[in-house]
Every structure is written in structure tokens, then in C-alpha cells.
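S.K.: Structure file start_5.pdb (PDB, C-alpha atoms) is given on the next line.
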ATOM      1  CA  MET Q  15     162.727 142.956 192.663  1.00  0.00           C
ATOM      2  CA  SER Q  16     164.501 145.859 190.987  1.00  0.00           C
ATOM      3  CA  GLU Q  17     168.097 145.685 189.908  1.00  0.00           C
ATOM      4  CA  MET Q  18     170.715 146.515 192.503  1.00  0.00           C
ATOM      5  CA  PRO Q  19     171.852 150.153 192.436  1.00  0.00           C
ATOM      6  CA  PRO Q  20     175.223 150.934 190.832  1.00  0.00           C
ATOM      7  CA  ARG Q  21     178.254 150.745 193.111  1.00  0.00           C
ATOM      8  CA  GLY Q  22     178.402 153.870 195.239  1.00  0.00           C
ATOM      9  CA  ALA Q  23     174.710 154.668 194.781  1.00  0.00           C
ATOM     10  CA  GLU Q  24     172.477 154.771 197.838  1.00  0.00           C
ATOM     11  CA  ARG Q  25     170.466 151.606 198.411  1.00  0.00           C
ATOM     12  CA  ASP Q  26     166.735 152.200 198.624  1.00  0.00           C
ATOM     13  CA  LEU Q  27     165.334 150.228 201.562  1.00  0.00           C
ATOM     14  CA  PHE Q  28     161.895 150.022 199.938  1.00  0.00           C
ATOM     15  CA  ARG Q  29     163.024 149.066 196.429  1.00  0.00           C
ATOM     16  CA  ASP Q  30     166.382 147.267 196.704  1.00  0.00           C
ATOM     17  CA  THR Q  31     165.978 144.997 199.739  1.00  0.00           C
ATOM     18  CA  TRP Q  32     163.712 142.245 201.033  1.00  0.00           C
ATOM     19  CA  VAL Q  33     161.379 144.970 202.366  1.00  0.00           C
ATOM     20  CA  ARG Q  34     160.037 145.295 198.793  1.00  0.00           C
ATOM     21  CA  TYR Q  35     158.319 141.929 199.219  1.00  0.00           C
ATOM     22  CA  LEU Q  36     156.046 143.407 201.914  1.00  0.00           C
ATOM     23  CA  GLY Q  37     154.290 145.213 199.073  1.00  0.00           C
ATOM     24  CA  TYR Q  38     153.199 141.818 197.729  1.00  0.00           C
ATOM     25  CA  ALA Q  39     151.617 140.630 200.990  1.00  0.00           C
ATOM     26  CA  ASN Q  40     148.067 141.320 199.825  1.00  0.00           C
ATOM     27  CA  GLU Q  41     148.614 139.265 196.668  1.00  0.00           C
ATOM     28  CA  VAL Q  42     149.665 136.312 198.805  1.00  0.00           C
ATOM     29  CA  GLY Q  43     146.649 136.957 201.033  1.00  0.00           C
ATOM     30  CA  GLU Q  44     144.350 136.935 198.002  1.00  0.00           C
ATOM     31  CA  ALA Q  45     145.886 133.676 196.769  1.00  0.00           C
ATOM     32  CA  PHE Q  46     145.119 132.074 200.149  1.00  0.00           C
ATOM     33  CA  ARG Q  47     141.641 133.636 200.477  1.00  0.00           C
ATOM     34  CA  SER Q  48     139.813 130.334 199.956  1.00  0.00           C
ATOM     35  CA  LEU Q  49     141.849 128.664 202.733  1.00  0.00           C
ATOM     36  CA  VAL Q  50     142.166 131.270 205.482  1.00  0.00           C
ATOM     37  CA  PRO Q  51     139.758 133.459 207.466  1.00  0.00           C
ATOM     38  CA  ALA Q  52     138.908 136.822 205.888  1.00  0.00           C
ATOM     39  CA  ALA Q  53     140.782 138.567 208.722  1.00  0.00           C
ATOM     40  CA  VAL Q  54     144.050 137.089 207.460  1.00  0.00           C
ATOM     41  CA  VAL Q  55     143.406 138.501 203.988  1.00  0.00           C
ATOM     42  CA  TRP Q  56     142.617 141.913 205.476  1.00  0.00           C
ATOM     43  CA  LEU Q  57     145.795 141.718 207.551  1.00  0.00           C
ATOM     44  CA  SER Q  58     147.778 141.117 204.357  1.00  0.00           C
ATOM     45  CA  TYR Q  59     146.269 144.316 202.932  1.00  0.00           C
ATOM     46  CA  GLY Q  60     147.319 146.113 206.118  1.00  0.00           C
ATOM     47  CA  VAL Q  61     150.915 144.951 205.616  1.00  0.00           C
ATOM     48  CA  SER Q  62     150.935 146.053 201.958  1.00  0.00           C
ATOM     49  CA  SER Q  63     149.295 149.380 202.734  1.00  0.00           C
ATOM     50  CA  SER Q  64     151.817 150.039 205.511  1.00  0.00           C
ATOM     51  CA  TYR Q  65     154.596 149.380 203.006  1.00  0.00           C
ATOM     52  CA  VAL Q  66     153.031 151.876 200.566  1.00  0.00           C
ATOM     53  CA  LEU Q  67     152.708 154.551 203.244  1.00  0.00           C
ATOM     54  CA  ALA Q  68     156.245 153.999 204.554  1.00  0.00           C
ATOM     55  CA  ASP Q  69     157.713 154.211 201.041  1.00  0.00           C
ATOM     56  CA  ALA Q  70     155.814 157.444 200.322  1.00  0.00           C
ATOM     57  CA  ILE Q  71     157.048 158.989 203.584  1.00  0.00           C
ATOM     58  CA  ASP Q  72     160.599 157.855 202.830  1.00  0.00           C
ATOM     59  CA  LYS Q  73     160.521 159.432 199.358  1.00  0.00           C
ATOM     60  CA  GLY Q  74     159.144 162.653 200.843  1.00  0.00           C
ATOM     61  CA  LYS Q  75     161.987 162.787 203.376  1.00  0.00           C
ATOM     62  CA  LYS Q  76     164.545 162.165 200.624  1.00  0.00           C
ATOM     63  CA  ALA Q  77     163.007 164.955 198.522  1.00  0.00           C
ATOM     64  CA  ARG Q  78     163.085 167.282 201.539  1.00  0.00           C
ATOM     65  CA  ASP Q  79     166.752 166.527 202.218  1.00  0.00           C
ATOM     66  CA  MET Q  80     167.923 167.180 198.636  1.00  0.00           C
ATOM     67  CA  PRO Q  81     170.131 170.270 198.405  1.00  0.00           C
ATOM     68  CA  SER Q  82     168.225 172.917 196.476  1.00  0.00           C
ATOM     69  CA  PRO Q  83     166.642 176.346 196.811  1.00  0.00           C
ATOM     70  CA  GLU Q  84     164.089 176.538 199.614  1.00  0.00           C
ATOM     71  CA  ALA Q  85     161.435 177.951 197.255  1.00  0.00           C
ATOM     72  CA  GLY Q  86     160.584 174.649 195.528  1.00  0.00           C
ATOM     73  CA  ARG Q  87     161.190 172.317 198.457  1.00  0.00           C
ATOM     74  CA  SER Q  88     157.587 171.883 199.627  1.00  0.00           C
ATOM     75  CA  THR Q  89     156.413 171.312 196.066  1.00  0.00           C
ATOM     76  CA  ARG Q  90     159.138 168.725 195.503  1.00  0.00           C
ATOM     77  CA  VAL Q  91     158.229 166.942 198.745  1.00  0.00           C
ATOM     78  CA  THR Q  92     154.514 166.959 197.896  1.00  0.00           C
ATOM     79  CA  VAL Q  93     155.122 165.622 194.403  1.00  0.00           C
ATOM     80  CA  ALA Q  94     157.409 162.867 195.736  1.00  0.00           C
ATOM     81  CA  VAL Q  95     154.905 161.756 198.388  1.00  0.00           C
ATOM     82  CA  VAL Q  96     151.818 161.919 196.144  1.00  0.00           C
ATOM     83  CA  ASP Q  97     153.496 160.260 193.172  1.00  0.00           C
ATOM     84  CA  THR Q  98     154.977 157.449 195.261  1.00  0.00           C
ATOM     85  CA  PHE Q  99     151.768 156.879 197.206  1.00  0.00           C
ATOM     86  CA  VAL Q 100     149.521 156.784 194.133  1.00  0.00           C
ATOM     87  CA  TRP Q 101     151.951 154.634 192.140  1.00  0.00           C
ATOM     88  CA  GLN Q 102     152.475 152.136 194.962  1.00  0.00           C
ATOM     89  CA  ALA Q 103     148.782 152.050 195.911  1.00  0.00           C
ATOM     90  CA  LEU Q 104     147.868 151.132 192.340  1.00  0.00           C
ATOM     91  CA  ALA Q 105     150.858 148.950 191.375  1.00  0.00           C
ATOM     92  CA  SER Q 106     151.399 147.154 194.682  1.00  0.00           C
ATOM     93  CA  VAL Q 107     147.951 146.935 196.269  1.00  0.00           C
ATOM     94  CA  ALA Q 108     144.833 147.711 194.219  1.00  0.00           C
ATOM     95  CA  ILE Q 109     145.485 146.297 190.760  1.00  0.00           C
ATOM     96  CA  PRO Q 110     147.459 143.164 191.744  1.00  0.00           C
ATOM     97  CA  GLY Q 111     145.086 142.388 194.606  1.00  0.00           C
ATOM     98  CA  PHE Q 112     142.074 142.632 192.291  1.00  0.00           C
ATOM     99  CA  THR Q 113     143.854 140.585 189.609  1.00  0.00           C
ATOM    100  CA  ILE Q 114     144.820 137.731 191.941  1.00  0.00           C
ATOM    101  CA  ASN Q 115     141.345 137.792 193.511  1.00  0.00           C
ATOM    102  CA  ARG Q 116     139.673 137.382 190.125  1.00  0.00           C
ATOM    103  CA  VAL Q 117     142.142 134.736 188.902  1.00  0.00           C
ATOM    104  CA  CYS Q 118     141.538 132.682 192.057  1.00  0.00           C
ATOM    105  CA  ALA Q 119     137.760 133.160 192.000  1.00  0.00           C
ATOM    106  CA  ALA Q 120     137.580 132.164 188.325  1.00  0.00           C
ATOM    107  CA  SER Q 121     139.821 129.135 188.787  1.00  0.00           C
ATOM    108  CA  LEU Q 122     137.830 127.938 191.798  1.00  0.00           C
ATOM    109  CA  TYR Q 123     134.624 128.279 189.784  1.00  0.00           C
ATOM    110  CA  VAL Q 124     136.054 126.504 186.714  1.00  0.00           C
ATOM    111  CA  LEU Q 125     137.510 123.703 188.830  1.00  0.00           C
ATOM    112  CA  GLY Q 126     134.136 123.322 190.549  1.00  0.00           C
ATOM    113  CA  THR Q 127     132.246 122.990 187.285  1.00  0.00           C
ATOM    114  CA  ALA Q 128     134.837 121.117 185.183  1.00  0.00           C
ATOM    115  CA  THR Q 129     136.168 118.592 187.702  1.00  0.00           C
ATOM    116  CA  ARG Q 130     134.933 116.334 190.438  1.00  0.00           C
ATOM    117  CA  TRP Q 131     137.893 117.082 192.639  1.00  0.00           C
ATOM    118  CA  PRO Q 132     137.214 117.397 196.366  1.00  0.00           C
ATOM    119  CA  LEU Q 133     136.738 120.970 197.580  1.00  0.00           C
ATOM    120  CA  ALA Q 134     140.035 120.939 199.514  1.00  0.00           C
ATOM    121  CA  VAL Q 135     141.962 119.975 196.364  1.00  0.00           C
ATOM    122  CA  ARG Q 136     140.213 122.685 194.350  1.00  0.00           C
ATOM    123  CA  LYS Q 137     141.026 125.300 197.006  1.00  0.00           C
ATOM    124  CA  TRP Q 138     144.713 124.306 197.197  1.00  0.00           C
ATOM    125  CA  THR Q 139     144.938 124.257 193.390  1.00  0.00           C
ATOM    126  CA  THR Q 140     143.414 127.732 193.265  1.00  0.00           C
ATOM    127  CA  THR Q 141     145.892 128.968 195.883  1.00  0.00           C
ATOM    128  CA  ALA Q 142     148.835 127.494 193.964  1.00  0.00           C
ATOM    129  CA  LEU Q 143     147.619 129.098 190.739  1.00  0.00           C
ATOM    130  CA  GLY Q 144     147.237 132.461 192.481  1.00  0.00           C
ATOM    131  CA  LEU Q 145     150.784 132.260 193.839  1.00  0.00           C
ATOM    132  CA  LEU Q 146     152.164 131.254 190.436  1.00  0.00           C
ATOM    133  CA  VAL Q 147     150.476 134.216 188.736  1.00  0.00           C
ATOM    134  CA  ILE Q 148     152.058 136.818 191.056  1.00  0.00           C
ATOM    135  CA  PRO Q 149     155.498 137.008 189.376  1.00  0.00           C
ATOM    136  CA  ILE Q 150     153.860 137.034 185.938  1.00  0.00           C
ATOM    137  CA  ILE Q 151     151.673 140.087 186.596  1.00  0.00           C
ATOM    138  CA  ILE Q 152     154.176 142.321 188.408  1.00  0.00           C
ATOM    139  CA  HIS Q 153     156.039 143.902 185.495  1.00  0.00           C
ATOM    140  CA  PRO Q 154     153.042 144.401 183.178  1.00  0.00           C
ATOM    141  CA  ILE Q 155     151.146 146.088 186.018  1.00  0.00           C
ATOM    142  CA  ASP Q 156     154.144 148.275 186.935  1.00  0.00           C
ATOM    143  CA  ARG Q 157     154.565 149.420 183.313  1.00  0.00           C
ATOM    144  CA  SER Q 158     150.827 150.033 182.945  1.00  0.00           C
ATOM    145  CA  VAL Q 159     150.741 152.162 186.084  1.00  0.00           C
ATOM    146  CA  ASP Q 160     153.765 154.120 184.806  1.00  0.00           C
ATOM    147  CA  PHE Q 161     151.898 154.763 181.556  1.00  0.00           C
ATOM    148  CA  LEU Q 162     148.709 155.708 183.400  1.00  0.00           C
ATOM    149  CA  LEU Q 163     150.475 158.189 185.687  1.00  0.00           C
ATOM    150  CA  ASP Q 164     152.618 159.595 182.850  1.00  0.00           C
ATOM    151  CA  SER Q 165     149.398 160.182 180.890  1.00  0.00           C
ATOM    152  CA  SER Q 166     147.468 161.762 183.748  1.00  0.00           C
ATOM    153  CA  LEU Q 167     148.680 162.732 187.215  1.00  0.00           C
ATOM    154  CA  ARG Q 168     152.279 163.445 186.246  1.00  0.00           C
ATOM    155  CA  LYS Q 169     151.122 165.981 183.650  1.00  0.00           C
ATOM    156  CA  LEU Q 170     149.736 168.052 186.530  1.00  0.00           C
ATOM    157  CA  TYR Q 171     153.060 168.361 188.344  1.00  0.00           C
ATOM    158  CA  PRO Q 172     154.921 171.634 188.157  1.00  0.00           C
ATOM    159  CA  SER Q 173     158.216 171.554 186.301  1.00  0.00           C
ATOM    160  CA  VAL Q 174     160.137 169.633 188.913  1.00  0.00           C
ATOM    161  CA  GLU Q 175     162.139 166.491 188.360  1.00  0.00           C
ATOM    162  CA  LYS Q 176     159.918 163.464 187.638  1.00  0.00           C
ATOM    163  CA  PRO Q 177     159.874 161.150 190.657  1.00  0.00           C
ATOM    164  CA  SER Q 178     161.210 157.637 190.130  1.00  0.00           C
ATOM    165  CA  SER Q 179     158.407 155.418 191.400  1.00  0.00           C
ATOM    166  CA  SER Q 180     159.243 152.058 189.999  1.00  0.00           C
TER     167      SER Q 180
END
Could you rewrite the structure in this file as C-alpha cells?
M.R.:
Amino acid sequence: MSEMPPRGAERDLFRDTWVRYLGYANEVGEAFRSLVPAAVVWLSYGVSSSYVLADAIDKGKKARDMPSPEAGRSTRVTVAVVDTFVWQALASVAIPGFTINRVCAASLYVLGTATRWPLAVRKWTTTALGLLVIPIIIHPIDRSVDFLLDSSLRKLYPSVEKPSSS
């Protein structure tokens, strides 16, 4: 979770509170994929995607409510919503979900070929490994998505203040 805001600064519900963990729901769902019905995994993606959408809407409202000339307001709101949505969709849902899915699939395969453990033990081991990998991948993925957006999408924005996505 991000550092707490400085004293007197506004707390961001989607970045500075427990709500941030909703963005990781799909990673937990992927870790448990071998143990739960597919519908549970899809539900976890629904939770994460709802978090992404809510954060993007929140950042758009904050951009709208900033005191400034009316002329650039719609552009500022659009940039805030698009930047937040794309950043969160990549950094909170797509890339970590794919990463945990592949880590778990590979570990289940390796455990199946390298051990004679019962299937239930292999599945629980895979789930534990997937859960343990989550905190390790978060910051590298966040920084990579920052770099990706700084090198691409953010170059397209008009000269308005760069949104703070992470």
C-alpha cells in the first residue's frame, strides 16, 4: 500500500485505505484457481475491475472539482480518467493477473512432473506460491507500467499536469 499522505493532505480512498486491496482481488482469485470454480475467479476479476472503474471515476471528479479556468476542465477530466483507468487496468488487473496465472500454472506443472505428491497437496502448494508472489510483483509491475505510460500514452496528453496514478 502507498505511504500515508502528509499531515493535512487529503486521504485518497482508493490509494491510502484498505480499499486499495480490492485491486488485488483478481490476483488472489488466480492463486486459488486450481481449488475453486472458475466463477469464483471471474468474480475476483469483477471486484478488481470495479475498483479500477471507481478509482478512474473518482480521479475524474477530483480533476473536475479543481479550481481552474473552465477552458481546460474537460481535457483535465478526460486525461485524469483515461490515465487512471489505463494505469490501473494494466497495473492492478491485466499484468498481475496474467503473472500469477502463469506462476501457478507453471508450478502446478513442475510439481506434477517432479514430485509424487497427491494432487490436493500440489494444488495447495501452487496456491500458497501464488499468494506469496503477489507482494513481490506489485512494485516492479507498478514501475513498469509507469515507464510504459510515460513512454507512450502520456506523451499524447496536452500540456496539462501529469496525473498521479501510482
S.K.: Using all atoms listed in the file, which protein or nucleic acid residues come within 10 Å of range 87-101 of chain Q? Drop anything in the same chain fewer than 2 positions from it, and give the result as a PDB file with C-alpha atoms, keeping the file's coordinate frame.
M.R.:
ATOM      1  CA  SER Q  63     149.295 149.380 202.734  1.00  0.00           C
ATOM      2  CA  TYR Q  65     154.596 149.380 203.006  1.00  0.00           C
ATOM      3  CA  VAL Q  66     153.031 151.876 200.566  1.00  0.00           C
ATOM      4  CA  LEU Q  67     152.708 154.551 203.244  1.00  0.00           C
ATOM      5  CA  ALA Q  68     156.245 153.999 204.554  1.00  0.00           C
ATOM      6  CA  ASP Q  69     157.713 154.211 201.041  1.00  0.00           C
ATOM      7  CA  ALA Q  70     155.814 157.444 200.322  1.00  0.00           C
ATOM      8  CA  ILE Q  71     157.048 158.989 203.584  1.00  0.00           C
ATOM      9  CA  ASP Q  72     160.599 157.855 202.830  1.00  0.00           C
ATOM     10  CA  LYS Q  73     160.521 159.432 199.358  1.00  0.00           C
ATOM     11  CA  GLY Q  74     159.144 162.653 200.843  1.00  0.00           C
ATOM     12  CA  LYS Q  75     161.987 162.787 203.376  1.00  0.00           C
ATOM     13  CA  LYS Q  76     164.545 162.165 200.624  1.00  0.00           C
ATOM     14  CA  ALA Q  77     163.007 164.955 198.522  1.00  0.00           C
ATOM     15  CA  ARG Q  78     163.085 167.282 201.539  1.00  0.00           C
ATOM     16  CA  ASP Q  79     166.752 166.527 202.218  1.00  0.00           C
ATOM     17  CA  MET Q  80     167.923 167.180 198.636  1.00  0.00           C
ATOM     18  CA  PRO Q  81     170.131 170.270 198.405  1.00  0.00           C
ATOM     19  CA  SER Q  82     168.225 172.917 196.476  1.00  0.00           C
ATOM     20  CA  PRO Q  83     166.642 176.346 196.811  1.00  0.00           C
ATOM     21  CA  GLU Q  84     164.089 176.538 199.614  1.00  0.00           C
ATOM     22  CA  ALA Q  85     161.435 177.951 197.255  1.00  0.00           C
ATOM     23  CA  ALA Q 103     148.782 152.050 195.911  1.00  0.00           C
ATOM     24  CA  LEU Q 104     147.868 151.132 192.340  1.00  0.00           C
ATOM     25  CA  ALA Q 105     150.858 148.950 191.375  1.00  0.00           C
ATOM     26  CA  SER Q 106     151.399 147.154 194.682  1.00  0.00           C
ATOM     27  CA  VAL Q 107     147.951 146.935 196.269  1.00  0.00           C
ATOM     28  CA  ASP Q 156     154.144 148.275 186.935  1.00  0.00           C
ATOM     29  CA  VAL Q 159     150.741 152.162 186.084  1.00  0.00           C
ATOM     30  CA  ASP Q 160     153.765 154.120 184.806  1.00  0.00           C
ATOM     31  CA  LEU Q 162     148.709 155.708 183.400  1.00  0.00           C
ATOM     32  CA  LEU Q 163     150.475 158.189 185.687  1.00  0.00           C
ATOM     33  CA  LEU Q 167     148.680 162.732 187.215  1.00  0.00           C
ATOM     34  CA  ARG Q 168     152.279 163.445 186.246  1.00  0.00           C
ATOM     35  CA  LEU Q 170     149.736 168.052 186.530  1.00  0.00           C
ATOM     36  CA  TYR Q 171     153.060 168.361 188.344  1.00  0.00           C
ATOM     37  CA  PRO Q 172     154.921 171.634 188.157  1.00  0.00           C
ATOM     38  CA  SER Q 173     158.216 171.554 186.301  1.00  0.00           C
ATOM     39  CA  VAL Q 174     160.137 169.633 188.913  1.00  0.00           C
ATOM     40  CA  GLU Q 175     162.139 166.491 188.360  1.00  0.00           C
ATOM     41  CA  LYS Q 176     159.918 163.464 187.638  1.00  0.00           C
ATOM     42  CA  PRO Q 177     159.874 161.150 190.657  1.00  0.00           C
ATOM     43  CA  SER Q 178     161.210 157.637 190.130  1.00  0.00           C
ATOM     44  CA  SER Q 179     158.407 155.418 191.400  1.00  0.00           C
ATOM     45  CA  SER Q 180     159.243 152.058 189.999  1.00  0.00           C
TER      46      SER Q 180
END
S.K.: Taking only C-alpha atoms into account, name the residue in Q:Thr31, Q:Ser121, Q:Ser48, Q:Ser166 that is nearest to Ala134 in chain Q.
M.R.: Q:Ser48
S.K.: One number please: CA of Thr140 in chain Q to CA of Cys118 in chain Q, in Å, one decimal.
M.R.: 5.4 Å
S.K.: Given the point (153.1, 141.7, 195.3) in the file's coordinates, find the residues that have an atom at most 8 Å from it, counting all atoms listed in the file, and give them as a PyMOL selection string.
M.R.: chain Q and resi 35-42+106-107+110+148-149+152
S.K.: Exactly which residues make up the result of the PyMOL selection byres ((chain Q and resi 56) around 12) on this file, given as a count of residues only?
M.R.: 23
S.K.: Please report the interatomic distance between CA of Val117 in chain Q and CA of Ile150 in chain Q in Å with one decimal.
M.R.: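 Separation between CA of Val117 in chain Q and CA of Ile150 in chain Q: 12.3 Å.
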S.K.: Between Q:Ser64, Q:Pro132, Q:Val147, Q:Ala120, which one has atoms that come closest to Val33 in chain Q, using all atoms listed in the file?
M.R.: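 Closest to Val33 in chain Q of all the choices is Q:Ser64.
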S.K.: Can you measure CA of Ser158 in chain Q to CA of Gly86 in chain Q for me? One decimal in Å is fine.
M.R.: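 Distance reported for this atom pair: 29.3 Å.
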S.K.: Which residue is closest to Gly126 in chain Q? Choose from Q:Thr139, Q:Gly144, Q:Arg157, Q:Ile114 and count all atoms listed in the file.
M.R.: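 Going through Q:Thr139, Q:Gly144, Q:Arg157, Q:Ile114 one by one, the smallest distance to Gly126 in chain Q is for Q:Thr139.
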